[in-house]
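First comes the structure, then the notes that go with it.
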Amino acid sequence: MATLGDIGLAAAINILSALIFLVAFAILRLQPFNDRVYFPKWYLKGLRHSPTRSGAFVAKFVNVDWRAYIRFLNWIPDALKMPEPELIDHAGLDSAVYLRIYLLGLKIFVPITLLAWAILVPVNWTNSTLTKSDLTYSDIDKLSISNVPLGSLRFWTHIVMAYAFSFWTCYVLKTEYAKVAAMRLQFVASEKRRPDQYTVLVRNIPPDADESVSECVEHFFLVNHQDHYLMHQGVYNANKLAKLVKEKKSKQNWLDYYQLKYSRDQSKRPMMKTGFLGCFGEKVDAIEHQIAEIERLTKEIAEEKQRVEKDPKSTMPASFVSFKSRWGAAVCAQTQQSRNPTLWLTEWAPEPRDVFWNNLAIPYVSLTIRKLIIAVAFFFLTFFFMIPIAFVQTLASLEGIRKKVPFLKVIIDEPFIKAFIQGFLPGIALKIFLIFLPTILMMMSKFEGWLSISALERKSASKYYIFTIVNVFLGNIIAGAAFEQLSTFLNQSPNQIPKTIGVAVPMKASFFITYIMVDGWAGIAGEILRLKPLIFYHLKNFFLVKTEKDREEAMDPGSVGFNTGEPQIQLYFLLGLVYAVVTPFLLPFILVFFGLAYVVYRHQIINVYNQEYESAAAFWPDVHGRIIFALCFSQLSLLGLLGRYEPAFTKYPIQEARMRDTLEQAREPNLNLKGYLQNAYVHPVFKDDDEDEDEDFMMKLETDSVLVPTKRQSRMNTPVPSKVSAGSSPSLPDAVIHEH
């Protein structure tokens, strides 16, 4: 169990890592040869050019102006300086609203943190429940609800704070939703014309033996939308054609490279090998070979175009239909077109940049089956992925290391090594295993058949969020593999599940604190350094860049990455809301994440990221819904935690029962308990007018001396006679004696 010292060491390591990343970025961004890595957005807009410096050769690669290094932290105020309307014009509404998620986190958690530390932390700290108990605990637990004794009136403080935090979160969500909705409407109204504003995607067009798909579409819309229909564009299965075009583009780049190389040194013709990766095969003239390949591909592309246009099998039962007005497109996109609700299905067409063309070739009838397959596959991925995570995290714990490699026991018992393992290693192990997850989830979303990049990212984000809830949150709160968790839940009463989760929540606060520092502090600082794009750019620039166009492609500005960034943010919302009442010590770590991430991503959006599409903040309902879920989950976990005290109302403690018996024996040593209980549970129908007579008879039995014969030969199963009422249990093996 991590102590405050372990958390302090982990914080020192992550703060130091973050500072190293930030200082390295501040220096590297000043160097001329890194300019395209840290400011690619301005190059793509044509507003920035490679810095040319006169003077020494070194000055072309290294910034020798010492004054620039004095101002090396100016990137922070520069990132915050651009007003939001200008940011929307510069980067789009999607990017601006994405930044508002971080602001939303600050708006929610700054007041919550102040209240929690001013009220809840003193209430928790000033108890001595854990100190007097035999439980293993740390100083962090003293700041949590676990330090409040059972039945204490102090729990009213936690309940009142839970209501206050919930009302505040709902209020902020309401005002932010209204603000984003207004921004979206204003953006759509003020934006320049876009094709998707006039266009609808029509799917599942019914076949007609007498007409082609194109003729069928034109006829249908001329009849049903005669005043507004303008034109349509058919959808073709052109995936093979796209591969040929991509291959030709690659060959053209190589041709430009070899021609440039030959123009610099015409004494020797460039040569190449035709085998695998240019390392094997016959050696030929590079320029002639590339020209021949381009001619071959040009011919194949022309033939494939003709085949696609003429082959009915290449024409998909879908079409992009455009209208004369936005109103006409809106009416068509939002109404049922046919008596059969499964035909002529309409939806808003994605922005042209947003279309994922490969999936347009997927038949509509197969989409349901594809989604079912992915749902099953995602279920097994979610629960099986926990196995390697649990294994690695076991090795990343003190107990796991002592068990697997006992000869390291002497080393890991050193205070510094022990603190490093408990405070840093589990978080970094989990972070490493999650690196490959986004790629897997994106492949699954593509298989499902979504038609736009924005839809692919939103669906991948949903899967990532569910995976994070199960494996990162529940998987670390409830010990064991995910299937063991599922078995635990299925084998217990449903009303016990919140209690199981609620009781386990305070115990895992230290793990999530280390995870926040690794992922949310050092991870965010590493994002601005862009180490991977930096290395890849210089490798490509040295070995592969042949033309100015190649240099632009080598910049790799990237994008916001909604499919990975938004689920990460949502995990912090969940942790903050769940632990706000339970362990307020975690909240400052959440605040540092939101503040640092806001500054870093604002800089990246202004200078680096080149967003692939613009959906006008269509993702905001997903963001809103997941925060609402986190709020509900926090209430459920708190309900389960406080449900620990339910047995006080449903069960009678044996300690209390023993104390009452002792007091009763002292006060009434001659109590006839059997007579007291004799008629307590007699059916009411037997309690009639003769009840008094029956009572006299029973009292007579109690006062007479009676010898009752019995066949019992053993007293193995006969209890010891009660000291309260000796007549209530026999004391002899063959008779029951009642004294006069």
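Order determines the names: the first chain of the structure tokens is A, the second B, and so forth; residues in each chain are numbered 1 upward, and ligands are numbered 1 upward as they are shown.
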Residue neighbourhood Asn224 of chain A, 12 Å, only C-alpha atoms, exclusion window fewer than 6 positions, as a tab-separated table (two decimals) with N, CA and C atoms, in the first residue's frame:
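result-v1.tsv, freshly written:
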```
chain	number	residue	atom	x	y	z
A	217	VAL	N	-32.39	6.68	-59.04
A	217	VAL	CA	-32.26	7.80	-58.11
A	217	VAL	C	-32.85	9.07	-58.72
A	218	GLU	N	-32.48	9.36	-59.96
A	218	GLU	CA	-32.97	10.58	-60.61
A	218	GLU	C	-34.48	10.57	-60.74
A	328	GLY	N	-34.17	22.25	-48.56
A	328	GLY	CA	-34.53	21.02	-49.27
A	328	GLY	C	-33.72	19.83	-48.78
A	331	VAL	N	-35.00	18.79	-45.26
A	331	VAL	CA	-36.26	18.05	-45.32
A	331	VAL	C	-36.01	16.60	-45.72
A	332	CYS	N	-35.18	16.39	-46.72
A	332	CYS	CA	-34.91	15.04	-47.20
A	332	CYS	C	-34.14	14.21	-46.17
A	335	THR	N	-36.58	13.02	-43.05
A	335	THR	CA	-37.91	12.46	-43.28
A	335	THR	C	-37.80	11.06	-43.87
A	336	GLN	N	-38.88	10.30	-43.72
A	336	GLN	CA	-38.95	8.95	-44.30
A	336	GLN	C	-39.38	9.07	-45.75
A	337	GLN	N	-38.65	8.44	-46.65
A	337	GLN	CA	-38.86	8.63	-48.08
A	337	GLN	C	-39.81	7.61	-48.70
A	338	SER	N	-39.95	6.45	-48.08
A	338	SER	CA	-40.71	5.37	-48.71
A	338	SER	C	-41.67	4.74	-47.71
A	344	TRP	N	-34.61	3.45	-49.30
A	344	TRP	CA	-34.38	4.88	-49.51
A	344	TRP	C	-34.06	5.59	-48.18
```
Q: Give me the residues within 10 Å of Ala302 of chain A as a PyMOL selection string, counting only C-alpha atoms and dropping any in the same chain fewer than 5 places off.
A: chain A and resi 241+297+307
Q | Closest of A:Phe167, A:Tyr177, A:Phe447, A:Phe511 to Ile477 of chain A - atom-to-atom distances counting only C-alpha atoms | A |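 Among the listed residues, the smallest separation from Ile477 of chain A belongs to A:Phe511.
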Q | Separation of atom CA of Leu120 of chain A from atom CA of Tyr515 of chain A in Å | A |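 Here the two named atoms are 23.4 Å from each other.
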Q) Pick from A:Tyr98, A:Thr126, A:Leu591, A:Asn253: nearest to Arg154 of chain A, with only C-alpha atoms counted? A)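 Closest to Arg154 of chain A of all the choices is A:Thr126.
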Q: Figure out the distance between atom CA of Gly576 of chain A and atom CA of Val172 of chain A, please, to one decimal in Å.
A: 15.0 Å
Q) Restricting the calculation to only C-alpha atoms, which member of A:Ile159, A:Leu663, A:Leu636, A:Ala361 is positioned closest to Val505 of chain A? A)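 With only C-alpha atoms as the atom set, the closest residue is A:Leu636.
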Q.
Quick check for you: according to DSSP on this backbone, which residues of segment 2-189 of chain A are classed as alpha helix (DSSP H)? Reply as a ChimeraX atom specification.
A. /A:4-28,35-38,40-44,66-70,75-81,84-91,93-115,121-125,129-132,139-142,155-189
**Q.** Shell around Ala79 of chain A at 6 Å using only C-alpha atoms, local window under 3 positions removed, as a PyMOL selection string
**A.** chain A and resi 75-76+602-603
Q.
Env of Trp620 of chain A: 12 Å cut, atoms = only C-alpha atoms, seq-sep filter 6 positions within chain, self excluded. Answer as a list in words.
A.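 In the requested format, the answer is Leu93, Asp94, Ser95, Ala96, Val97, Tyr98, Leu99, Arg100, Ile101, Leu104, Leu173, Glu176, Tyr177, Ala178, Lys179, Val180, Ala181, Met183, Arg184, Arg458, Phe562, Glu566, Arg626 and Ile627 of chain A.
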Selection above as a file: N, CA, C and O atoms, as a tab-separated table (two decimals), in the first residue's frame:
```
chain	number	residue	atom	x	y	z
A	93	LEU	N	-14.28	24.78	-35.38
A	93	LEU	CA	-15.09	24.67	-34.17
A	93	LEU	C	-14.79	23.39	-33.40
A	93	LEU	O	-14.81	23.38	-32.16
A	94	ASP	N	-14.52	22.30	-34.10
A	94	ASP	CA	-14.21	21.04	-33.41
A	94	ASP	C	-13.04	21.21	-32.45
A	94	ASP	O	-13.10	20.76	-31.29
A	95	SER	N	-11.99	21.84	-32.90
A	95	SER	CA	-10.81	22.03	-32.05
A	95	SER	C	-11.10	22.95	-30.88
A	95	SER	O	-10.67	22.70	-29.75
A	96	ALA	N	-11.84	24.03	-31.14
A	96	ALA	CA	-12.16	24.98	-30.06
A	96	ALA	C	-13.03	24.34	-28.99
A	96	ALA	O	-12.81	24.55	-27.79
A	97	VAL	N	-14.02	23.56	-29.41
A	97	VAL	CA	-14.91	22.91	-28.44
A	97	VAL	C	-14.19	21.79	-27.71
A	97	VAL	O	-14.45	21.54	-26.53
A	98	TYR	N	-13.27	21.12	-28.40
A	98	TYR	CA	-12.47	20.09	-27.73
A	98	TYR	C	-11.69	20.70	-26.55
A	98	TYR	O	-11.59	20.10	-25.48
A	99	LEU	N	-11.15	21.90	-26.74
A	99	LEU	CA	-10.44	22.58	-25.66
A	99	LEU	C	-11.38	22.92	-24.50
A	99	LEU	O	-10.96	22.95	-23.34
A	100	ARG	N	-12.65	23.16	-24.81
A	100	ARG	CA	-13.60	23.51	-23.77
A	100	ARG	C	-13.86	22.32	-22.82
A	100	ARG	O	-14.35	22.52	-21.71
A	101	ILE	N	-13.54	21.10	-23.24
A	101	ILE	CA	-13.68	19.96	-22.34
A	101	ILE	C	-12.73	20.12	-21.16
A	101	ILE	O	-13.08	19.84	-20.01
A	104	LEU	N	-14.05	22.77	-18.99
A	104	LEU	CA	-15.17	22.23	-18.23
A	104	LEU	C	-14.68	21.49	-16.99
A	104	LEU	O	-15.26	21.61	-15.90
A	173	LEU	N	-22.70	21.67	-16.34
A	173	LEU	CA	-22.99	20.94	-17.58
A	173	LEU	C	-24.10	21.62	-18.37
A	173	LEU	O	-24.03	21.72	-19.60
A	176	GLU	N	-22.77	24.86	-19.93
A	176	GLU	CA	-21.80	24.57	-20.98
A	176	GLU	C	-22.48	23.99	-22.22
A	176	GLU	O	-22.11	24.30	-23.35
A	177	TYR	N	-23.49	23.16	-22.00
A	177	TYR	CA	-24.23	22.59	-23.14
A	177	TYR	C	-24.91	23.70	-23.93
A	177	TYR	O	-24.89	23.71	-25.17
A	178	ALA	N	-25.53	24.65	-23.20
A	178	ALA	CA	-26.18	25.77	-23.88
A	178	ALA	C	-25.16	26.61	-24.65
A	178	ALA	O	-25.42	27.06	-25.78
A	179	LYS	N	-23.98	26.82	-24.07
A	179	LYS	CA	-22.94	27.60	-24.73
A	179	LYS	C	-22.44	26.92	-26.00
A	179	LYS	O	-22.32	27.56	-27.06
A	180	VAL	N	-22.18	25.61	-25.92
A	180	VAL	CA	-21.68	24.88	-27.10
A	180	VAL	C	-22.76	24.82	-28.18
A	180	VAL	O	-22.45	24.95	-29.38
A	181	ALA	N	-24.01	24.64	-27.79
A	181	ALA	CA	-25.10	24.62	-28.77
A	181	ALA	C	-25.19	25.96	-29.50
A	181	ALA	O	-25.38	26.01	-30.73
A	183	MET	N	-22.72	28.10	-29.89
A	183	MET	CA	-21.53	28.20	-30.74
A	183	MET	C	-21.71	27.41	-32.03
A	183	MET	O	-21.31	27.86	-33.12
A	184	ARG	N	-22.31	26.24	-31.93
A	184	ARG	CA	-22.53	25.40	-33.12
A	184	ARG	C	-23.48	26.09	-34.10
A	184	ARG	O	-23.22	26.13	-35.31
A	458	ARG	N	-15.68	8.74	-33.19
A	458	ARG	CA	-16.64	8.73	-32.09
A	458	ARG	C	-16.95	7.31	-31.62
A	458	ARG	O	-17.04	7.05	-30.42
A	562	PHE	N	-9.63	12.55	-31.39
A	562	PHE	CA	-10.78	12.45	-30.50
A	562	PHE	C	-10.96	11.03	-29.97
A	562	PHE	O	-11.40	10.83	-28.85
A	566	GLU	N	-10.42	11.99	-25.92
A	566	GLU	CA	-11.66	12.21	-25.17
A	566	GLU	C	-11.91	11.11	-24.13
A	566	GLU	O	-12.29	11.43	-22.99
A	626	ARG	N	-21.30	11.13	-21.15
A	626	ARG	CA	-20.33	10.37	-20.35
A	626	ARG	C	-20.06	11.02	-19.00
A	626	ARG	O	-19.81	10.34	-18.01
A	627	ILE	N	-20.12	12.34	-18.95
A	627	ILE	CA	-19.96	13.01	-17.65
A	627	ILE	C	-21.18	12.73	-16.78
A	627	ILE	O	-21.05	12.52	-15.56
```
**Q.** Length of the atom CA of Asn358 of chain A to atom CA of Glu448 of chain A vector [Å]
**A.**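 Between atom CA of Asn358 of chain A and atom CA of Glu448 of chain A the gap works out to 11.9 Å.
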Q.
Measuring between only C-alpha atoms, which one of A:Leu587, A:Leu343, A:Ile287, A:Met507 shows the shortest distance to Val121 of chain A?
A.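 Answer, going by the shortest atom-to-atom distance: A:Leu587.
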Q: Identify all residues of segment 272-476 of chain A in strand (DSSP E or B) (DSSP on the backbone) and supply them as a list in words.
A: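 Secondary structure check on segment 272-476 of chain A, strand (DSSP E or B): Met272, Lys273, Lys283, Val284, Asp285, Thr315, Met316, Pro317, Ala318, Ser319, Phe320, Val321, Ser322, Phe323, Leu345, Thr346, Glu347, Trp348, Val355 and Ser452 of chain A.
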Q) Nearest to Tyr38 of chain A: which of A:Trp125, A:Trp357, A:Tyr537, A:Tyr598 is it, counting only C-alpha atoms? A)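 Going through A:Trp125, A:Trp357, A:Tyr537, A:Tyr598 one by one, the smallest distance to Tyr38 of chain A is for A:Tyr537.
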